[in-house]
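**Q** See target_34.txt below, with compact mmCIF, C-alpha atoms.
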# COMPACT_ATOMS: atom_id res chain seq x y z
CA MET A 17 -18.32 25.54 -7.99
CA SER A 18 -16.91 28.13 -10.36
CA TRP A 19 -13.46 28.45 -8.85
CA GLY A 20 -10.23 26.56 -9.30
CA GLY A 21 -6.47 26.78 -9.41
CA SER A 22 -3.36 24.94 -10.47
CA GLU A 23 -3.02 21.35 -9.30
CA PHE A 24 -0.71 20.67 -6.34
CA ILE A 25 0.64 17.51 -4.73
CA GLU A 26 -1.30 17.94 -1.49
CA GLN A 27 -4.67 18.31 -3.22
CA THR A 28 -5.58 14.68 -2.60
CA TYR A 29 -5.78 15.46 1.12
CA PHE A 30 -8.54 17.96 0.43
CA ASP A 31 -10.62 15.74 -1.89
CA GLU A 32 -12.59 14.46 1.11
CA GLN A 33 -14.16 17.92 1.39
CA PHE A 34 -16.38 16.91 -1.54
CA THR A 35 -17.85 13.75 0.00
CA GLN A 36 -20.81 15.14 1.96
CA PRO A 37 -23.51 12.41 1.75
CA GLY A 38 -26.44 13.40 -0.44
CA VAL A 39 -24.52 16.14 -2.26
CA VAL A 40 -23.27 16.12 -5.86
CA TYR A 41 -20.45 18.61 -6.49
CA PHE A 42 -19.98 20.25 -9.89
CA ALA A 43 -16.70 22.05 -10.60
CA SER A 44 -15.64 24.28 -13.49
CA SER A 45 -12.76 22.85 -15.50
CA GLY A 46 -11.23 26.31 -15.95
CA ASP A 47 -10.96 28.97 -18.63
CA SER A 48 -7.49 28.19 -19.90
CA PRO A 49 -6.00 25.03 -21.45
CA GLY A 50 -4.80 22.42 -18.98
CA THR A 51 -6.06 21.02 -15.72
CA SER A 52 -7.14 22.66 -12.49
CA TRP A 53 -8.28 21.56 -9.05
CA PRO A 54 -10.92 20.86 -7.73
CA ALA A 55 -12.14 19.85 -11.22
CA THR A 56 -9.59 17.00 -11.22
CA SER A 57 -10.85 15.65 -7.91
CA PRO A 58 -12.54 12.26 -8.40
CA ASN A 59 -15.22 13.49 -5.98
CA VAL A 60 -16.67 16.12 -8.31
CA VAL A 61 -18.32 16.26 -11.71
CA ALA A 62 -15.92 18.31 -13.85
CA VAL A 63 -17.74 20.61 -16.29
CA GLY A 64 -15.95 21.92 -19.36
CA GLY A 65 -16.94 24.32 -22.11
CA THR A 66 -18.15 24.35 -25.71
CA THR A 67 -18.94 26.90 -28.41
CA LEU A 68 -22.40 27.18 -29.95
CA SER A 69 -23.04 28.49 -33.45
CA ARG A 70 -26.45 29.89 -34.37
CA ASP A 71 -27.99 31.35 -37.50
CA PRO A 72 -27.49 35.13 -37.19
CA LEU A 73 -30.92 35.84 -38.66
CA THR A 74 -33.13 33.24 -36.99
CA GLY A 75 -31.11 32.26 -33.93
CA ASP A 76 -31.57 28.60 -34.87
CA PHE A 77 -28.94 26.19 -33.57
CA LEU A 78 -26.38 25.20 -36.19
CA VAL A 79 -23.50 23.32 -34.58
CA GLU A 80 -21.61 22.84 -31.34
CA ASN A 81 -17.86 22.49 -31.16
CA THR A 82 -15.06 22.85 -28.65
CA TRP A 83 -14.16 26.06 -26.83
CA GLN A 84 -10.40 26.25 -27.14
CA ASP A 85 -10.00 28.15 -23.86
CA ALA A 86 -11.79 25.53 -21.78
CA GLY A 87 -9.79 23.57 -19.24
CA GLY A 88 -9.29 19.84 -19.51
CA GLY A 89 -6.73 17.09 -19.78
CA PRO A 90 -5.12 14.33 -17.70
CA SER A 91 -4.56 15.17 -14.05
CA LEU A 92 -1.00 15.61 -12.89
CA VAL A 93 -1.85 14.24 -9.44
CA GLU A 94 -5.08 12.24 -9.21
CA ASN A 95 -5.31 8.54 -10.14
CA ARG A 96 -7.93 7.42 -12.64
CA PRO A 97 -11.26 6.85 -10.81
CA ASP A 98 -13.25 3.67 -11.30
CA PHE A 99 -15.96 5.40 -13.32
CA GLN A 100 -13.37 6.11 -16.04
CA ASN A 101 -11.89 2.62 -16.16
CA ARG A 102 -13.79 1.75 -19.32
CA LEU A 103 -11.97 4.67 -20.99
CA ALA A 104 -8.52 3.62 -19.80
CA ARG A 105 -6.99 3.64 -23.29
CA THR A 106 -8.14 7.21 -23.88
CA VAL A 107 -7.82 8.68 -20.40
CA GLY A 108 -4.62 6.97 -19.32
CA PRO A 109 -3.61 6.19 -15.72
CA THR A 110 -4.80 9.49 -14.20
CA ARG A 111 -8.09 11.32 -13.78
CA GLY A 112 -9.29 12.84 -17.03
CA THR A 113 -11.31 16.04 -17.25
CA PRO A 114 -13.88 17.23 -18.08
CA ASP A 115 -16.71 14.78 -17.50
CA ILE A 116 -19.36 16.80 -19.34
CA SER A 117 -19.53 20.25 -20.96
CA PHE A 118 -21.83 23.17 -21.69
CA ASP A 119 -21.68 26.37 -23.74
CA ALA A 120 -18.90 28.51 -22.21
CA ASN A 121 -17.51 30.66 -25.01
CA PRO A 122 -18.19 34.27 -23.93
CA ALA A 123 -19.01 35.09 -27.55
CA THR A 124 -21.82 32.51 -27.61
CA GLY A 125 -22.79 32.34 -23.93
CA VAL A 126 -26.06 33.21 -22.27
CA TRP A 127 -27.80 36.56 -22.07
CA VAL A 128 -28.29 38.00 -18.60
CA LEU A 129 -29.91 41.23 -17.47
CA ASP A 130 -27.71 43.32 -15.19
CA SER A 131 -30.17 45.60 -13.42
CA HIS A 132 -27.72 46.66 -10.69
CA PRO A 133 -24.39 47.42 -12.40
CA ILE A 134 -21.27 48.25 -10.41
CA GLY A 135 -19.36 51.45 -11.01
CA ASN A 136 -20.00 53.40 -14.19
CA ASP A 137 -21.56 50.52 -16.12
CA SER A 138 -25.07 51.01 -17.44
CA PRO A 139 -27.85 48.52 -16.72
CA GLY A 140 -28.82 46.25 -19.56
CA TRP A 141 -28.32 42.92 -21.26
CA LEU A 142 -24.93 41.30 -21.68
CA ILE A 143 -23.51 37.92 -22.68
CA VAL A 144 -21.60 35.91 -20.08
CA GLY A 145 -19.55 32.77 -20.53
CA GLY A 146 -16.70 30.75 -19.11
CA THR A 147 -16.88 27.43 -17.32
CA SER A 148 -18.19 29.43 -14.36
CA LEU A 149 -21.37 29.47 -16.44
CA SER A 150 -21.11 25.83 -17.50
CA SER A 151 -20.84 24.31 -14.04
CA PRO A 152 -24.00 25.83 -12.49
CA ALA A 153 -25.89 25.32 -15.75
CA VAL A 154 -25.21 21.56 -15.77
CA ALA A 155 -25.97 21.40 -12.05
CA ALA A 156 -29.34 23.06 -12.69
CA ILE A 157 -30.18 20.70 -15.56
CA THR A 158 -29.22 17.70 -13.44
CA ASN A 159 -31.32 18.92 -10.54
CA THR A 160 -34.31 19.72 -12.75
CA LYS A 161 -34.40 16.25 -14.26
CA GLY A 162 -35.27 14.88 -10.82
CA GLN A 163 -32.68 12.08 -10.78
CA PHE A 164 -30.07 13.64 -8.53
CA ARG A 165 -27.68 10.97 -7.24
CA LEU A 166 -26.46 10.82 -3.66
CA SER A 167 -22.79 11.47 -4.43
CA SER A 168 -20.60 12.86 -7.18
CA GLU A 169 -19.23 9.37 -7.81
CA ALA A 170 -22.74 8.01 -8.35
CA GLU A 171 -23.56 10.92 -10.67
CA ASN A 172 -20.42 10.28 -12.69
CA GLU A 173 -21.27 6.60 -12.93
CA LEU A 174 -24.59 7.65 -14.45
CA LEU A 175 -22.91 10.02 -16.89
CA TYR A 176 -20.44 7.42 -18.06
CA SER A 177 -23.13 4.74 -18.34
CA GLY A 178 -24.61 6.52 -21.35
CA LYS A 179 -28.00 6.92 -19.66
CA PHE A 180 -27.76 10.70 -19.35
CA GLY A 181 -29.09 12.53 -22.43
CA THR A 182 -26.01 14.06 -24.03
CA GLU A 183 -24.87 15.01 -27.49
CA GLU A 184 -21.31 14.19 -28.50
CA VAL A 185 -19.13 17.09 -29.59
CA VAL A 186 -16.94 15.93 -32.47
CA LEU A 187 -15.62 19.19 -33.95
CA GLY A 188 -12.68 21.30 -32.82
CA ASN A 189 -9.55 21.02 -30.73
CA CYS A 190 -8.37 22.16 -27.32
CA GLY A 191 -5.68 21.73 -24.70
CA LEU A 192 -2.07 22.73 -24.38
CA ASN A 193 -0.69 23.65 -27.82
CA ALA A 194 -4.17 22.80 -29.16
CA GLY A 195 -2.99 19.20 -29.05
CA ASP A 196 -6.29 17.50 -28.17
CA PHE A 197 -9.21 16.98 -30.51
CA ALA A 198 -12.92 16.42 -30.13
CA ARG A 199 -13.95 12.89 -30.99
CA GLU A 200 -16.78 10.41 -30.74
CA GLY A 201 -17.24 9.08 -27.24
CA TRP A 202 -15.18 10.85 -24.58
CA SER A 203 -12.45 13.44 -25.13
CA PHE A 204 -10.25 15.78 -23.10
CA CYS A 205 -12.02 18.67 -24.83
CA THR A 206 -15.64 18.11 -23.81
CA GLY A 207 -15.85 14.83 -21.87
CA ILE A 208 -18.92 12.84 -22.87
CA GLY A 209 -20.44 15.87 -24.60
CA SER A 210 -23.11 18.35 -23.62
CA PRO A 211 -26.60 17.84 -22.16
CA ARG A 212 -29.61 18.30 -24.38
CA GLY A 213 -31.98 20.08 -22.00
CA LYS A 214 -34.23 17.66 -20.16
CA ARG A 215 -34.47 15.19 -23.05
CA LEU A 216 -32.86 12.34 -21.14
CA LYS A 217 -32.43 8.72 -22.14
CA HIS A 218 -33.00 7.05 -18.80
CA SER A 219 -36.32 6.39 -17.13
CA VAL A 220 -37.46 7.64 -13.75
CA ASN A 221 -37.12 4.08 -12.46
CA ASP A 222 -33.52 3.75 -13.63
Would you mind giving the structure from this file in structure tokens?

**A**
Amino acid sequence: MSWGGSEFIEQTYFDEQFTQPGVVYFASSGDSPGTSWPATSPNVVAVGGTTLSRDPLTGDFLVENTWQDAGGGPSLVENRPDFQNRLARTVGPTRGTPDISFDANPATGVWVLDSHPIGNDSPGWLIVGGTSLSSPAVAAITNTKGQFRLSSEAENELLYSGKFGTEEVVLGNCGLNAGDFAREGWSFCTGIGSPRGKRLKHSVND
């Protein structure tokens, strides 16, 4: 899911919409500091954003840090889910987002070919970003690895178990007034970090 809006008191009544058996829901954390729903629902995997830096001559990867415009933070409504209990000191009493992140900075996003432009735009290559890119990208990586869980809760339990191949993001800040910082482990900026392709740490029998 690449949509979202401000949190609201009644949102907990709609969380059950993301409990279809056999389905894992991924939700963008938003493209502005702070929290949004449905990313804060405990029944989704909340996907935040990062910034990638590459060598301008070779294109080689250099470093990954936070994307300051990515959404994230402690929910204003939702209680902390069980899969975040081990992070209680960091997360606090409410649901923390994001769970995981992916490149979202429009300046470092992915190249796409627009062969059917709308209006007066010309066809060609362009870079797209935002957490509307991050969410489907992480969903695709998760699906490709062939270990899709039967619910978002089960998928989050896997993510927080450390058995999903991720790289911690430890550089940069984010959040309201840029008050949160990347750190080892989990953070309000990038969650547990970003996936490293299909190089995963768990076995097919896990």

**Q** Please compute the atom CA of Val39 of chain A-atom CA of Glu171 of chain A distance, one decimal, in Å.

**A**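 Computed distance, atom CA of Val39 of chain A to atom CA of Glu171 of chain A, equals 9.9 Å.
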
**Q** Can you pull out every residue within 12 Å of Ser151 of chain A, counting all atoms listed in the file, but drop anything in the same chain fewer than 5 positions away, and send it as a ChimeraX atom specification?

**A** /A:17-20,40-47,55,60-66,86,114-120,145-146,156-158,210-211

**Q** How many Å separate atom CA of Glu184 of chain A from atom CA of Glu80 of chain A?

**A**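 Result for atom CA of Glu184 of chain A versus atom CA of Glu80 of chain A: 9.1 Å, one decimal.
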
**Q** Could you list, as number ranges by chain, every residue within 10 Å of Ala123 of chain A, counting all atoms listed in the file and ignoring same-chain residues fewer than 6 positions away?

**A** A: 67-69, 143-146

**Q** Given only C-alpha atoms as the basis, pick out the residue of A:Gly21, A:Pro133, A:Pro58, A:Gly89 nearest to Cys205 of chain A.

**A**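 Answer, going by the shortest atom-to-atom distance: A:Gly89.
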
**Q** If we count only C-alpha atoms and set the cut-off at 9 Å, which residues sit around Cys190 of chain A, ignoring sequence neighbours fewer than 6 positions away in its own chain? Please answer as a list in words.

**A**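 Close residues of Cys190 of chain A: Pro49, Thr82, Trp83, Gln84, Asp85, Ala86, Gly87, Gly88, Asp196, Phe197, Ala198, Phe204 and Cys205 of chain A.
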
**Q** Enter the distance from atom CA of Asn95 of chain A to atom CA of Glu23 of chain A, in Å, rounded to one decimal.

**A**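 So the answer is 13.0 Å.
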
**Q** Which one of A:Ile208, A:Ser138, A:Arg165, A:Glu94 sits closest to Val185 of chain A if you count only C-alpha atoms?

**A** A:Ile208

**Q** Anything within 9 Å of (-8.8, 8.9, -10.0): list those residues as a list in words, counting only C-alpha atoms and sticking to the file's coordinates.

**A**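 Here is the list of nearby residues: Thr56, Ser57, Pro58, Asn59, Ser91, Val93, Glu94, Asn95, Arg96, Pro97, Asp98, Phe99, Gln100, Pro109, Thr110, Arg111 and Gly112 of chain A.
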
**Q** For C-alpha atoms, I'd like the residues from the last selection saved as a tab-separated table (two decimals), keeping the file's coordinate frame.

**A**
chain	number	residue	atom	x	y	z
A	56	THR	CA	-9.59	17.00	-11.22
A	57	SER	CA	-10.85	15.65	-7.91
A	58	PRO	CA	-12.54	12.26	-8.40
A	59	ASN	CA	-15.22	13.49	-5.98
A	91	SER	CA	-4.56	15.17	-14.05
A	93	VAL	CA	-1.85	14.24	-9.44
A	94	GLU	CA	-5.08	12.24	-9.21
A	95	ASN	CA	-5.31	8.54	-10.14
A	96	ARG	CA	-7.93	7.42	-12.64
A	97	PRO	CA	-11.26	6.85	-10.81
A	98	ASP	CA	-13.25	3.67	-11.30
A	99	PHE	CA	-15.96	5.40	-13.32
A	100	GLN	CA	-13.37	6.11	-16.04
A	109	PRO	CA	-3.61	6.19	-15.72
A	110	THR	CA	-4.80	9.49	-14.20
A	111	ARG	CA	-8.09	11.32	-13.78
A	112	GLY	CA	-9.29	12.84	-17.03

**Q** Return the single residue from A:Phe34, A:Phe24, A:Phe77, A:Phe180 that is closest to Ser167 of chain A, with distances computed using all atoms listed in the file.

**A** A:Phe34

**Q** So, with only C-alpha atoms as the atoms that count, which of A:Tyr176, A:Asp130, A:Ser203, A:Ala194 lies closest to Gly108 of chain A?

**A**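 When distances to Gly108 of chain A are compared using only C-alpha atoms, the smallest one comes from A:Ser203.
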
**Q** Given the choices A:Gly191, A:Ser168, A:Gly140, A:Pro152, which gets closest to Gln33 of chain A if the distance is worked out from only C-alpha atoms?

**A** A:Ser168

**Q** Nearest to Gly188 of chain A: which of A:Gln36, A:Val79, A:Ile25, A:Pro90 is it, counting all atoms listed in the file?

**A** A:Val79
